[in-house]
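Enquirer: Sharing a structure here in structure tokens format.
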Amino acid sequence: MSLRDLYQEIIVDHGREPRNFGKLMNANHCQAGHNPLCGDKLMLYVLERDGIVEEARFEGVGCAISVASASLMIEAIKGKSIVEVEQLFDLFHHLVTEGRESDVNIGKLAVFGGVVEFPVRVKCATLAWHTLKAALTNNTQPVTTE
């Protein structure tokens, strides 16, 4: 099995069986996101205490890339400080928009490196991330990729 096949398998797995799916009742940050082009919609819930993401969950529907991105994002941000989450956002965004990999290990998020080859899918991969950024800054406007 090639690395590309493995990456596709991880995206399909998280797209079909997302982790951290469902409402988080005690969230203190909540944000809606929508990608009108693909029809992806999600609601992101984050419990942050003392600058640390303690828990996060999401609900919604979308393509495999969008759902997998939200699922893997949440796995990556749990236990991280807001500063670390912001750095991870930047690393992920550079990866999917420019194909630029970092010296910093981003773990399973690296599976999205191929998205840069499909510009229409970048919005699918980044929806959860932009929604997260808005949630953590308490932006009350729904996030859209358009």
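In the structure tokens, chains take the letters A, B, ... in the order shown, each chain's residues start at 1, and ligands count up from 1 in the order shown.
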Give me the residues near A:Phe58 as a PDB file with all heavy atoms, in the first residue's frame, where near means some atom within 10 Å (using only C-alpha atoms) and where sequence neighbours in that chain fewer than 4 positions away do not count.
Expert:
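After the write, selection-v6.pdb holds the following:
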```
ATOM      1  N   PRO A  18     -16.793   9.577  11.752  1.00  0.00           N
ATOM      2  CA  PRO A  18     -16.068  10.670  12.398  1.00  0.00           C
ATOM      3  C   PRO A  18     -15.965  10.488  13.908  1.00  0.00           C
ATOM      4  O   PRO A  18     -16.888   9.981  14.546  1.00  0.00           O
ATOM      5  CB  PRO A  18     -16.901  11.903  12.053  1.00  0.00           C
ATOM      6  CG  PRO A  18     -18.258  11.387  11.720  1.00  0.00           C
ATOM      7  CD  PRO A  18     -18.057   9.997  11.181  1.00  0.00           C
ATOM      8  N   ARG A  19     -14.839  10.869  14.431  1.00  0.00           N
ATOM      9  CA  ARG A  19     -14.630  10.864  15.876  1.00  0.00           C
ATOM     10  C   ARG A  19     -15.127  12.201  16.420  1.00  0.00           C
ATOM     11  O   ARG A  19     -15.203  13.186  15.700  1.00  0.00           O
ATOM     12  CB  ARG A  19     -13.144  10.715  16.200  1.00  0.00           C
ATOM     13  CG  ARG A  19     -12.542   9.323  16.058  1.00  0.00           C
ATOM     14  CD  ARG A  19     -12.964   8.557  14.862  1.00  0.00           C
ATOM     15  NE  ARG A  19     -11.993   7.518  14.477  1.00  0.00           N
ATOM     16  CZ  ARG A  19     -11.905   7.035  13.265  1.00  0.00           C
ATOM     17  NH1 ARG A  19     -12.679   7.475  12.296  1.00  0.00           N
ATOM     18  NH2 ARG A  19     -11.042   6.083  12.993  1.00  0.00           N
ATOM     19  N   ASN A  20     -15.483  12.225  17.682  1.00  0.00           N
ATOM     20  CA  ASN A  20     -15.912  13.460  18.353  1.00  0.00           C
ATOM     21  C   ASN A  20     -17.140  14.077  17.703  1.00  0.00           C
ATOM     22  O   ASN A  20     -17.281  15.291  17.636  1.00  0.00           O
ATOM     23  CB  ASN A  20     -14.760  14.477  18.397  1.00  0.00           C
ATOM     24  CG  ASN A  20     -13.536  13.886  19.037  1.00  0.00           C
ATOM     25  OD1 ASN A  20     -13.543  13.575  20.215  1.00  0.00           O
ATOM     26  ND2 ASN A  20     -12.478  13.680  18.255  1.00  0.00           N
ATOM     27  N   PHE A  21     -18.039  13.221  17.215  1.00  0.00           N
ATOM     28  CA  PHE A  21     -19.251  13.693  16.556  1.00  0.00           C
ATOM     29  C   PHE A  21     -20.381  13.765  17.577  1.00  0.00           C
ATOM     30  O   PHE A  21     -20.575  12.852  18.364  1.00  0.00           O
ATOM     31  CB  PHE A  21     -19.639  12.744  15.413  1.00  0.00           C
ATOM     32  CG  PHE A  21     -20.718  13.291  14.532  1.00  0.00           C
ATOM     33  CD1 PHE A  21     -20.416  14.152  13.495  1.00  0.00           C
ATOM     34  CD2 PHE A  21     -22.046  12.955  14.761  1.00  0.00           C
ATOM     35  CE1 PHE A  21     -21.420  14.671  12.680  1.00  0.00           C
ATOM     36  CE2 PHE A  21     -23.050  13.461  13.945  1.00  0.00           C
ATOM     37  CZ  PHE A  21     -22.738  14.321  12.910  1.00  0.00           C
ATOM     38  N   GLY A  22     -21.097  14.861  17.568  1.00  0.00           N
ATOM     39  CA  GLY A  22     -22.227  15.054  18.463  1.00  0.00           C
ATOM     40  C   GLY A  22     -22.106  16.367  19.209  1.00  0.00           C
ATOM     41  O   GLY A  22     -21.068  17.015  19.207  1.00  0.00           O
ATOM     42  N   LYS A  23     -23.170  16.750  19.850  1.00  0.00           N
ATOM     43  CA  LYS A  23     -23.220  18.018  20.571  1.00  0.00           C
ATOM     44  C   LYS A  23     -22.433  17.930  21.880  1.00  0.00           C
ATOM     45  O   LYS A  23     -22.441  16.902  22.546  1.00  0.00           O
ATOM     46  CB  LYS A  23     -24.671  18.377  20.864  1.00  0.00           C
ATOM     47  CG  LYS A  23     -24.860  19.779  21.366  1.00  0.00           C
ATOM     48  CD  LYS A  23     -26.326  20.156  21.391  1.00  0.00           C
ATOM     49  CE  LYS A  23     -26.454  21.635  21.704  1.00  0.00           C
ATOM     50  NZ  LYS A  23     -27.832  22.074  21.590  1.00  0.00           N
ATOM     51  N   LEU A  24     -21.784  19.005  22.231  1.00  0.00           N
ATOM     52  CA  LEU A  24     -21.063  19.117  23.499  1.00  0.00           C
ATOM     53  C   LEU A  24     -21.859  20.090  24.364  1.00  0.00           C
ATOM     54  O   LEU A  24     -21.866  21.301  24.124  1.00  0.00           O
ATOM     55  CB  LEU A  24     -19.636  19.626  23.260  1.00  0.00           C
ATOM     56  CG  LEU A  24     -18.751  19.799  24.479  1.00  0.00           C
ATOM     57  CD1 LEU A  24     -18.536  18.466  25.193  1.00  0.00           C
ATOM     58  CD2 LEU A  24     -17.411  20.399  24.072  1.00  0.00           C
ATOM     59  N   CYS A  30     -19.146  28.114  20.553  1.00  0.00           N
ATOM     60  CA  CYS A  30     -19.986  27.392  19.606  1.00  0.00           C
ATOM     61  C   CYS A  30     -20.049  28.220  18.324  1.00  0.00           C
ATOM     62  O   CYS A  30     -20.174  29.444  18.385  1.00  0.00           O
ATOM     63  CB  CYS A  30     -21.376  27.234  20.216  1.00  0.00           C
ATOM     64  SG  CYS A  30     -22.461  26.172  19.305  1.00  0.00           S
ATOM     65  N   GLN A  31     -19.929  27.550  17.183  1.00  0.00           N
ATOM     66  CA  GLN A  31     -19.911  28.287  15.924  1.00  0.00           C
ATOM     67  C   GLN A  31     -20.447  27.432  14.790  1.00  0.00           C
ATOM     68  O   GLN A  31     -20.168  26.237  14.722  1.00  0.00           O
ATOM     69  CB  GLN A  31     -18.480  28.715  15.601  1.00  0.00           C
ATOM     70  CG  GLN A  31     -18.335  29.587  14.377  1.00  0.00           C
ATOM     71  CD  GLN A  31     -18.940  30.961  14.569  1.00  0.00           C
ATOM     72  OE1 GLN A  31     -18.799  31.574  15.621  1.00  0.00           O
ATOM     73  NE2 GLN A  31     -19.649  31.442  13.574  1.00  0.00           N
ATOM     74  N   ALA A  32     -21.204  28.048  13.899  1.00  0.00           N
ATOM     75  CA  ALA A  32     -21.709  27.376  12.700  1.00  0.00           C
ATOM     76  C   ALA A  32     -20.796  27.694  11.526  1.00  0.00           C
ATOM     77  O   ALA A  32     -20.255  28.795  11.423  1.00  0.00           O
ATOM     78  CB  ALA A  32     -23.126  27.850  12.394  1.00  0.00           C
ATOM     79  N   LEU A  42     -21.599  22.554   9.325  1.00  0.00           N
ATOM     80  CA  LEU A  42     -21.233  21.990  10.612  1.00  0.00           C
ATOM     81  C   LEU A  42     -21.468  22.976  11.733  1.00  0.00           C
ATOM     82  O   LEU A  42     -21.547  24.182  11.518  1.00  0.00           O
ATOM     83  CB  LEU A  42     -19.780  21.501  10.624  1.00  0.00           C
ATOM     84  CG  LEU A  42     -18.636  22.497  10.540  1.00  0.00           C
ATOM     85  CD1 LEU A  42     -18.239  22.997  11.918  1.00  0.00           C
ATOM     86  CD2 LEU A  42     -17.445  21.847   9.891  1.00  0.00           C
ATOM     87  N   MET A  43     -21.620  22.419  12.911  1.00  0.00           N
ATOM     88  CA  MET A  43     -21.697  23.193  14.141  1.00  0.00           C
ATOM     89  C   MET A  43     -20.559  22.668  15.008  1.00  0.00           C
ATOM     90  O   MET A  43     -20.453  21.462  15.242  1.00  0.00           O
ATOM     91  CB  MET A  43     -23.041  22.991  14.837  1.00  0.00           C
ATOM     92  CG  MET A  43     -23.180  23.773  16.128  1.00  0.00           C
ATOM     93  SD  MET A  43     -23.126  25.566  15.926  1.00  0.00           S
ATOM     94  CE  MET A  43     -24.701  25.888  15.172  1.00  0.00           C
ATOM     95  N   LEU A  44     -19.717  23.566  15.437  1.00  0.00           N
ATOM     96  CA  LEU A  44     -18.538  23.203  16.223  1.00  0.00           C
ATOM     97  C   LEU A  44     -18.730  23.662  17.663  1.00  0.00           C
ATOM     98  O   LEU A  44     -19.168  24.788  17.900  1.00  0.00           O
ATOM     99  CB  LEU A  44     -17.300  23.867  15.616  1.00  0.00           C
ATOM    100  CG  LEU A  44     -15.964  23.544  16.246  1.00  0.00           C
ATOM    101  CD1 LEU A  44     -15.616  22.069  16.052  1.00  0.00           C
ATOM    102  CD2 LEU A  44     -14.882  24.416  15.638  1.00  0.00           C
ATOM    103  N   TYR A  45     -18.414  22.771  18.590  1.00  0.00           N
ATOM    104  CA  TYR A  45     -18.529  23.047  20.023  1.00  0.00           C
ATOM    105  C   TYR A  45     -17.159  22.875  20.660  1.00  0.00           C
ATOM    106  O   TYR A  45     -16.503  21.853  20.441  1.00  0.00           O
ATOM    107  CB  TYR A  45     -19.493  22.062  20.686  1.00  0.00           C
ATOM    108  CG  TYR A  45     -20.841  21.980  20.030  1.00  0.00           C
ATOM    109  CD1 TYR A  45     -21.115  21.004  19.077  1.00  0.00           C
ATOM    110  CD2 TYR A  45     -21.853  22.875  20.363  1.00  0.00           C
ATOM    111  CE1 TYR A  45     -22.360  20.917  18.468  1.00  0.00           C
ATOM    112  CE2 TYR A  45     -23.098  22.797  19.761  1.00  0.00           C
ATOM    113  CZ  TYR A  45     -23.342  21.818  18.817  1.00  0.00           C
ATOM    114  OH  TYR A  45     -24.574  21.732  18.217  1.00  0.00           O
ATOM    115  N   VAL A  46     -16.750  23.852  21.456  1.00  0.00           N
ATOM    116  CA  VAL A  46     -15.441  23.787  22.111  1.00  0.00           C
ATOM    117  C   VAL A  46     -15.601  24.141  23.580  1.00  0.00           C
ATOM    118  O   VAL A  46     -16.253  25.123  23.930  1.00  0.00           O
ATOM    119  CB  VAL A  46     -14.429  24.759  21.451  1.00  0.00           C
ATOM    120  CG1 VAL A  46     -13.081  24.703  22.140  1.00  0.00           C
ATOM    121  CG2 VAL A  46     -14.288  24.485  19.951  1.00  0.00           C
ATOM    122  N   VAL A  67     -15.842  16.305   6.566  1.00  0.00           N
ATOM    123  CA  VAL A  67     -16.108  15.577   7.811  1.00  0.00           C
ATOM    124  C   VAL A  67     -14.807  15.037   8.402  1.00  0.00           C
ATOM    125  O   VAL A  67     -14.557  15.153   9.603  1.00  0.00           O
ATOM    126  CB  VAL A  67     -17.138  14.452   7.576  1.00  0.00           C
ATOM    127  CG1 VAL A  67     -17.289  13.568   8.803  1.00  0.00           C
ATOM    128  CG2 VAL A  67     -18.488  15.043   7.177  1.00  0.00           C
ATOM    129  N   ALA A  70     -12.802  17.862  10.051  1.00  0.00           N
ATOM    130  CA  ALA A  70     -13.333  18.228  11.371  1.00  0.00           C
ATOM    131  C   ALA A  70     -12.954  17.174  12.408  1.00  0.00           C
ATOM    132  O   ALA A  70     -12.523  17.498  13.514  1.00  0.00           O
ATOM    133  CB  ALA A  70     -14.847  18.398  11.301  1.00  0.00           C
ATOM    134  N   SER A  71     -13.101  15.923  12.052  1.00  0.00           N
ATOM    135  CA  SER A  71     -12.794  14.813  12.965  1.00  0.00           C
ATOM    136  C   SER A  71     -11.325  14.820  13.372  1.00  0.00           C
ATOM    137  O   SER A  71     -10.986  14.750  14.567  1.00  0.00           O
ATOM    138  CB  SER A  71     -13.162  13.492  12.288  1.00  0.00           C
ATOM    139  OG  SER A  71     -12.833  12.388  13.096  1.00  0.00           O
ATOM    140  N   ILE A  74     -10.247  17.960  15.499  1.00  0.00           N
ATOM    141  CA  ILE A  74     -10.587  17.884  16.912  1.00  0.00           C
ATOM    142  C   ILE A  74      -9.623  16.961  17.653  1.00  0.00           C
ATOM    143  O   ILE A  74      -9.171  17.285  18.753  1.00  0.00           O
ATOM    144  CB  ILE A  74     -12.054  17.475  17.106  1.00  0.00           C
ATOM    145  CG1 ILE A  74     -12.955  18.630  16.630  1.00  0.00           C
ATOM    146  CG2 ILE A  74     -12.347  17.124  18.557  1.00  0.00           C
ATOM    147  CD1 ILE A  74     -14.426  18.319  16.590  1.00  0.00           C
ATOM    148  N   ALA A 128     -13.855  23.476   8.765  1.00  0.00           N
ATOM    149  CA  ALA A 128     -13.832  23.254  10.220  1.00  0.00           C
ATOM    150  C   ALA A 128     -12.800  24.159  10.892  1.00  0.00           C
ATOM    151  O   ALA A 128     -13.040  24.669  11.991  1.00  0.00           O
ATOM    152  CB  ALA A 128     -13.548  21.794  10.529  1.00  0.00           C
TER     153      ALA A 128
END
```
Enquirer: I need the residues of stretch 22-130 of chain A that end up classed as alpha helix (DSSP H) by DSSP on the backbone, written out as a PyMOL selection string.
Expert: chain A and resi 64-77+82-98+119-130
Enquirer: Could you check which of A:Asn139, A:Asn105, A:Ser81, A:Ser66 is closest to A:Asn35, using only C-alpha atoms?
Expert: A:Ser66
Enquirer: How would you write, as a ChimeraX atom specification, the set of residues in chain A that DSSP gives as strand (DSSP E)?
Expert: /A:29-35,40-49,52-61,143-144
Enquirer: Convert the current residue selection to file output with N, CA and C atoms, as a PDB file, in the first residue's frame.
Expert:
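Final output, part.pdb:
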```pdb
ATOM      1  N   HIS A  29     -17.720  27.722  23.688  1.00  0.00           N
ATOM      2  CA  HIS A  29     -17.553  28.330  22.366  1.00  0.00           C
ATOM      3  C   HIS A  29     -18.353  27.463  21.386  1.00  0.00           C
ATOM      4  N   CYS A  30     -19.146  28.114  20.553  1.00  0.00           N
ATOM      5  CA  CYS A  30     -19.986  27.392  19.606  1.00  0.00           C
ATOM      6  C   CYS A  30     -20.049  28.220  18.324  1.00  0.00           C
ATOM      7  N   GLN A  31     -19.929  27.550  17.183  1.00  0.00           N
ATOM      8  CA  GLN A  31     -19.911  28.287  15.924  1.00  0.00           C
ATOM      9  C   GLN A  31     -20.447  27.432  14.790  1.00  0.00           C
ATOM     10  N   ALA A  32     -21.204  28.048  13.899  1.00  0.00           N
ATOM     11  CA  ALA A  32     -21.709  27.376  12.700  1.00  0.00           C
ATOM     12  C   ALA A  32     -20.796  27.694  11.526  1.00  0.00           C
ATOM     13  N   GLY A  33     -20.636  26.708  10.638  1.00  0.00           N
ATOM     14  CA  GLY A  33     -19.862  26.900   9.420  1.00  0.00           C
ATOM     15  C   GLY A  33     -20.585  26.293   8.238  1.00  0.00           C
ATOM     16  N   HIS A  34     -20.403  26.909   7.049  1.00  0.00           N
ATOM     17  CA  HIS A  34     -21.115  26.447   5.851  1.00  0.00           C
ATOM     18  C   HIS A  34     -20.241  26.658   4.615  1.00  0.00           C
ATOM     19  N   ASN A  35     -20.175  25.634   3.792  1.00  0.00           N
ATOM     20  CA  ASN A  35     -19.500  25.714   2.500  1.00  0.00           C
ATOM     21  C   ASN A  35     -20.593  25.561   1.432  1.00  0.00           C
ATOM     22  N   ASP A  40     -21.418  21.520   2.532  1.00  0.00           N
ATOM     23  CA  ASP A  40     -20.952  21.146   3.867  1.00  0.00           C
ATOM     24  C   ASP A  40     -21.511  22.128   4.896  1.00  0.00           C
ATOM     25  N   LYS A  41     -22.036  21.580   5.998  1.00  0.00           N
ATOM     26  CA  LYS A  41     -22.525  22.400   7.109  1.00  0.00           C
ATOM     27  C   LYS A  41     -22.079  21.738   8.398  1.00  0.00           C
ATOM     28  N   LEU A  42     -21.599  22.554   9.325  1.00  0.00           N
ATOM     29  CA  LEU A  42     -21.233  21.990  10.612  1.00  0.00           C
ATOM     30  C   LEU A  42     -21.468  22.976  11.733  1.00  0.00           C
ATOM     31  N   MET A  43     -21.620  22.419  12.911  1.00  0.00           N
ATOM     32  CA  MET A  43     -21.697  23.193  14.141  1.00  0.00           C
ATOM     33  C   MET A  43     -20.559  22.668  15.008  1.00  0.00           C
ATOM     34  N   LEU A  44     -19.717  23.566  15.437  1.00  0.00           N
ATOM     35  CA  LEU A  44     -18.538  23.203  16.223  1.00  0.00           C
ATOM     36  C   LEU A  44     -18.730  23.662  17.663  1.00  0.00           C
ATOM     37  N   TYR A  45     -18.414  22.771  18.590  1.00  0.00           N
ATOM     38  CA  TYR A  45     -18.529  23.047  20.023  1.00  0.00           C
ATOM     39  C   TYR A  45     -17.159  22.875  20.660  1.00  0.00           C
ATOM     40  N   VAL A  46     -16.750  23.852  21.456  1.00  0.00           N
ATOM     41  CA  VAL A  46     -15.441  23.787  22.111  1.00  0.00           C
ATOM     42  C   VAL A  46     -15.601  24.141  23.580  1.00  0.00           C
ATOM     43  N   LEU A  47     -14.959  23.351  24.424  1.00  0.00           N
ATOM     44  CA  LEU A  47     -14.854  23.669  25.840  1.00  0.00           C
ATOM     45  C   LEU A  47     -13.405  24.063  26.088  1.00  0.00           C
ATOM     46  N   GLU A  48     -13.226  25.341  26.380  1.00  0.00           N
ATOM     47  CA  GLU A  48     -11.891  25.889  26.616  1.00  0.00           C
ATOM     48  C   GLU A  48     -11.841  26.424  28.044  1.00  0.00           C
ATOM     49  N   ARG A  49     -10.805  26.047  28.763  1.00  0.00           N
ATOM     50  CA  ARG A  49     -10.609  26.548  30.129  1.00  0.00           C
ATOM     51  C   ARG A  49      -9.168  26.979  30.290  1.00  0.00           C
ATOM     52  N   ILE A  52      -6.826  26.490  27.383  1.00  0.00           N
ATOM     53  CA  ILE A  52      -6.579  25.128  26.891  1.00  0.00           C
ATOM     54  C   ILE A  52      -7.887  24.548  26.340  1.00  0.00           C
ATOM     55  N   VAL A  53      -7.811  23.921  25.169  1.00  0.00           N
ATOM     56  CA  VAL A  53      -8.975  23.233  24.606  1.00  0.00           C
ATOM     57  C   VAL A  53      -9.094  21.898  25.331  1.00  0.00           C
ATOM     58  N   GLU A  54     -10.078  21.806  26.218  1.00  0.00           N
ATOM     59  CA  GLU A  54     -10.269  20.577  26.991  1.00  0.00           C
ATOM     60  C   GLU A  54     -11.073  19.539  26.217  1.00  0.00           C
ATOM     61  N   GLU A  55     -12.061  20.011  25.464  1.00  0.00           N
ATOM     62  CA  GLU A  55     -12.943  19.096  24.730  1.00  0.00           C
ATOM     63  C   GLU A  55     -13.489  19.841  23.527  1.00  0.00           C
ATOM     64  N   ALA A  56     -13.817  19.099  22.492  1.00  0.00           N
ATOM     65  CA  ALA A  56     -14.453  19.677  21.309  1.00  0.00           C
ATOM     66  C   ALA A  56     -15.238  18.573  20.613  1.00  0.00           C
ATOM     67  N   ARG A  57     -16.307  18.979  19.965  1.00  0.00           N
ATOM     68  CA  ARG A  57     -17.152  18.048  19.204  1.00  0.00           C
ATOM     69  C   ARG A  57     -17.759  18.823  18.040  1.00  0.00           C
ATOM     70  N   PHE A  58     -18.335  18.085  17.114  1.00  0.00           N
ATOM     71  CA  PHE A  58     -19.009  18.741  16.002  1.00  0.00           C
ATOM     72  C   PHE A  58     -20.211  17.920  15.550  1.00  0.00           C
ATOM     73  N   GLU A  59     -21.139  18.623  14.918  1.00  0.00           N
ATOM     74  CA  GLU A  59     -22.293  18.003  14.283  1.00  0.00           C
ATOM     75  C   GLU A  59     -22.355  18.565  12.870  1.00  0.00           C
ATOM     76  N   GLY A  60     -22.988  17.828  11.986  1.00  0.00           N
ATOM     77  CA  GLY A  60     -23.182  18.361  10.656  1.00  0.00           C
ATOM     78  C   GLY A  60     -23.105  17.312   9.579  1.00  0.00           C
ATOM     79  N   VAL A  61     -23.168  17.803   8.356  1.00  0.00           N
ATOM     80  CA  VAL A  61     -23.106  16.946   7.181  1.00  0.00           C
ATOM     81  C   VAL A  61     -22.128  17.555   6.190  1.00  0.00           C
ATOM     82  N   VAL A 143     -19.703  31.225   9.797  1.00  0.00           N
ATOM     83  CA  VAL A 143     -18.557  31.128   8.909  1.00  0.00           C
ATOM     84  C   VAL A 143     -19.007  30.542   7.580  1.00  0.00           C
ATOM     85  N   THR A 144     -18.549  31.150   6.502  1.00  0.00           N
ATOM     86  CA  THR A 144     -18.824  30.622   5.183  1.00  0.00           C
ATOM     87  C   THR A 144     -17.526  30.634   4.381  1.00  0.00           C
TER      88      THR A 144
END
```
Enquirer: Restricting the calculation to only C-alpha atoms: of A:Cys124, A:Leu91, A:Cys63, A:Ile106, which residue gets closest to A:Glu75?
Expert: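 Comparing A:Cys124, A:Leu91, A:Cys63, A:Ile106 against A:Glu75, the winner is A:Ile106.
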Enquirer: Could you tell me how far atom CA of A:Thr137 lies from atom CA of A:Phe112, in Å and to one decimal?
Expert: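 Result for atom CA of A:Thr137 versus atom CA of A:Phe112: 25.0 Å, one decimal.
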Enquirer: How many Å lie between atom CA of A:Thr126 and atom CA of A:Pro36, rounded to one decimal?
Expert: 13.3 Å
Enquirer: Between A:Ile82, A:Ile65, A:Met25, A:Ala76, which is the closest to A:Leu136 once you count only C-alpha atoms?
Expert: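 That would be A:Ile82, the residue with the smallest distance to A:Leu136.
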Enquirer: What gap, in Å, lies between atom CA of A:Gly79 and atom CA of A:Glu98?
Expert: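 Interatomic distance, atom CA of A:Gly79 to atom CA of A:Glu98: 27.4 Å.
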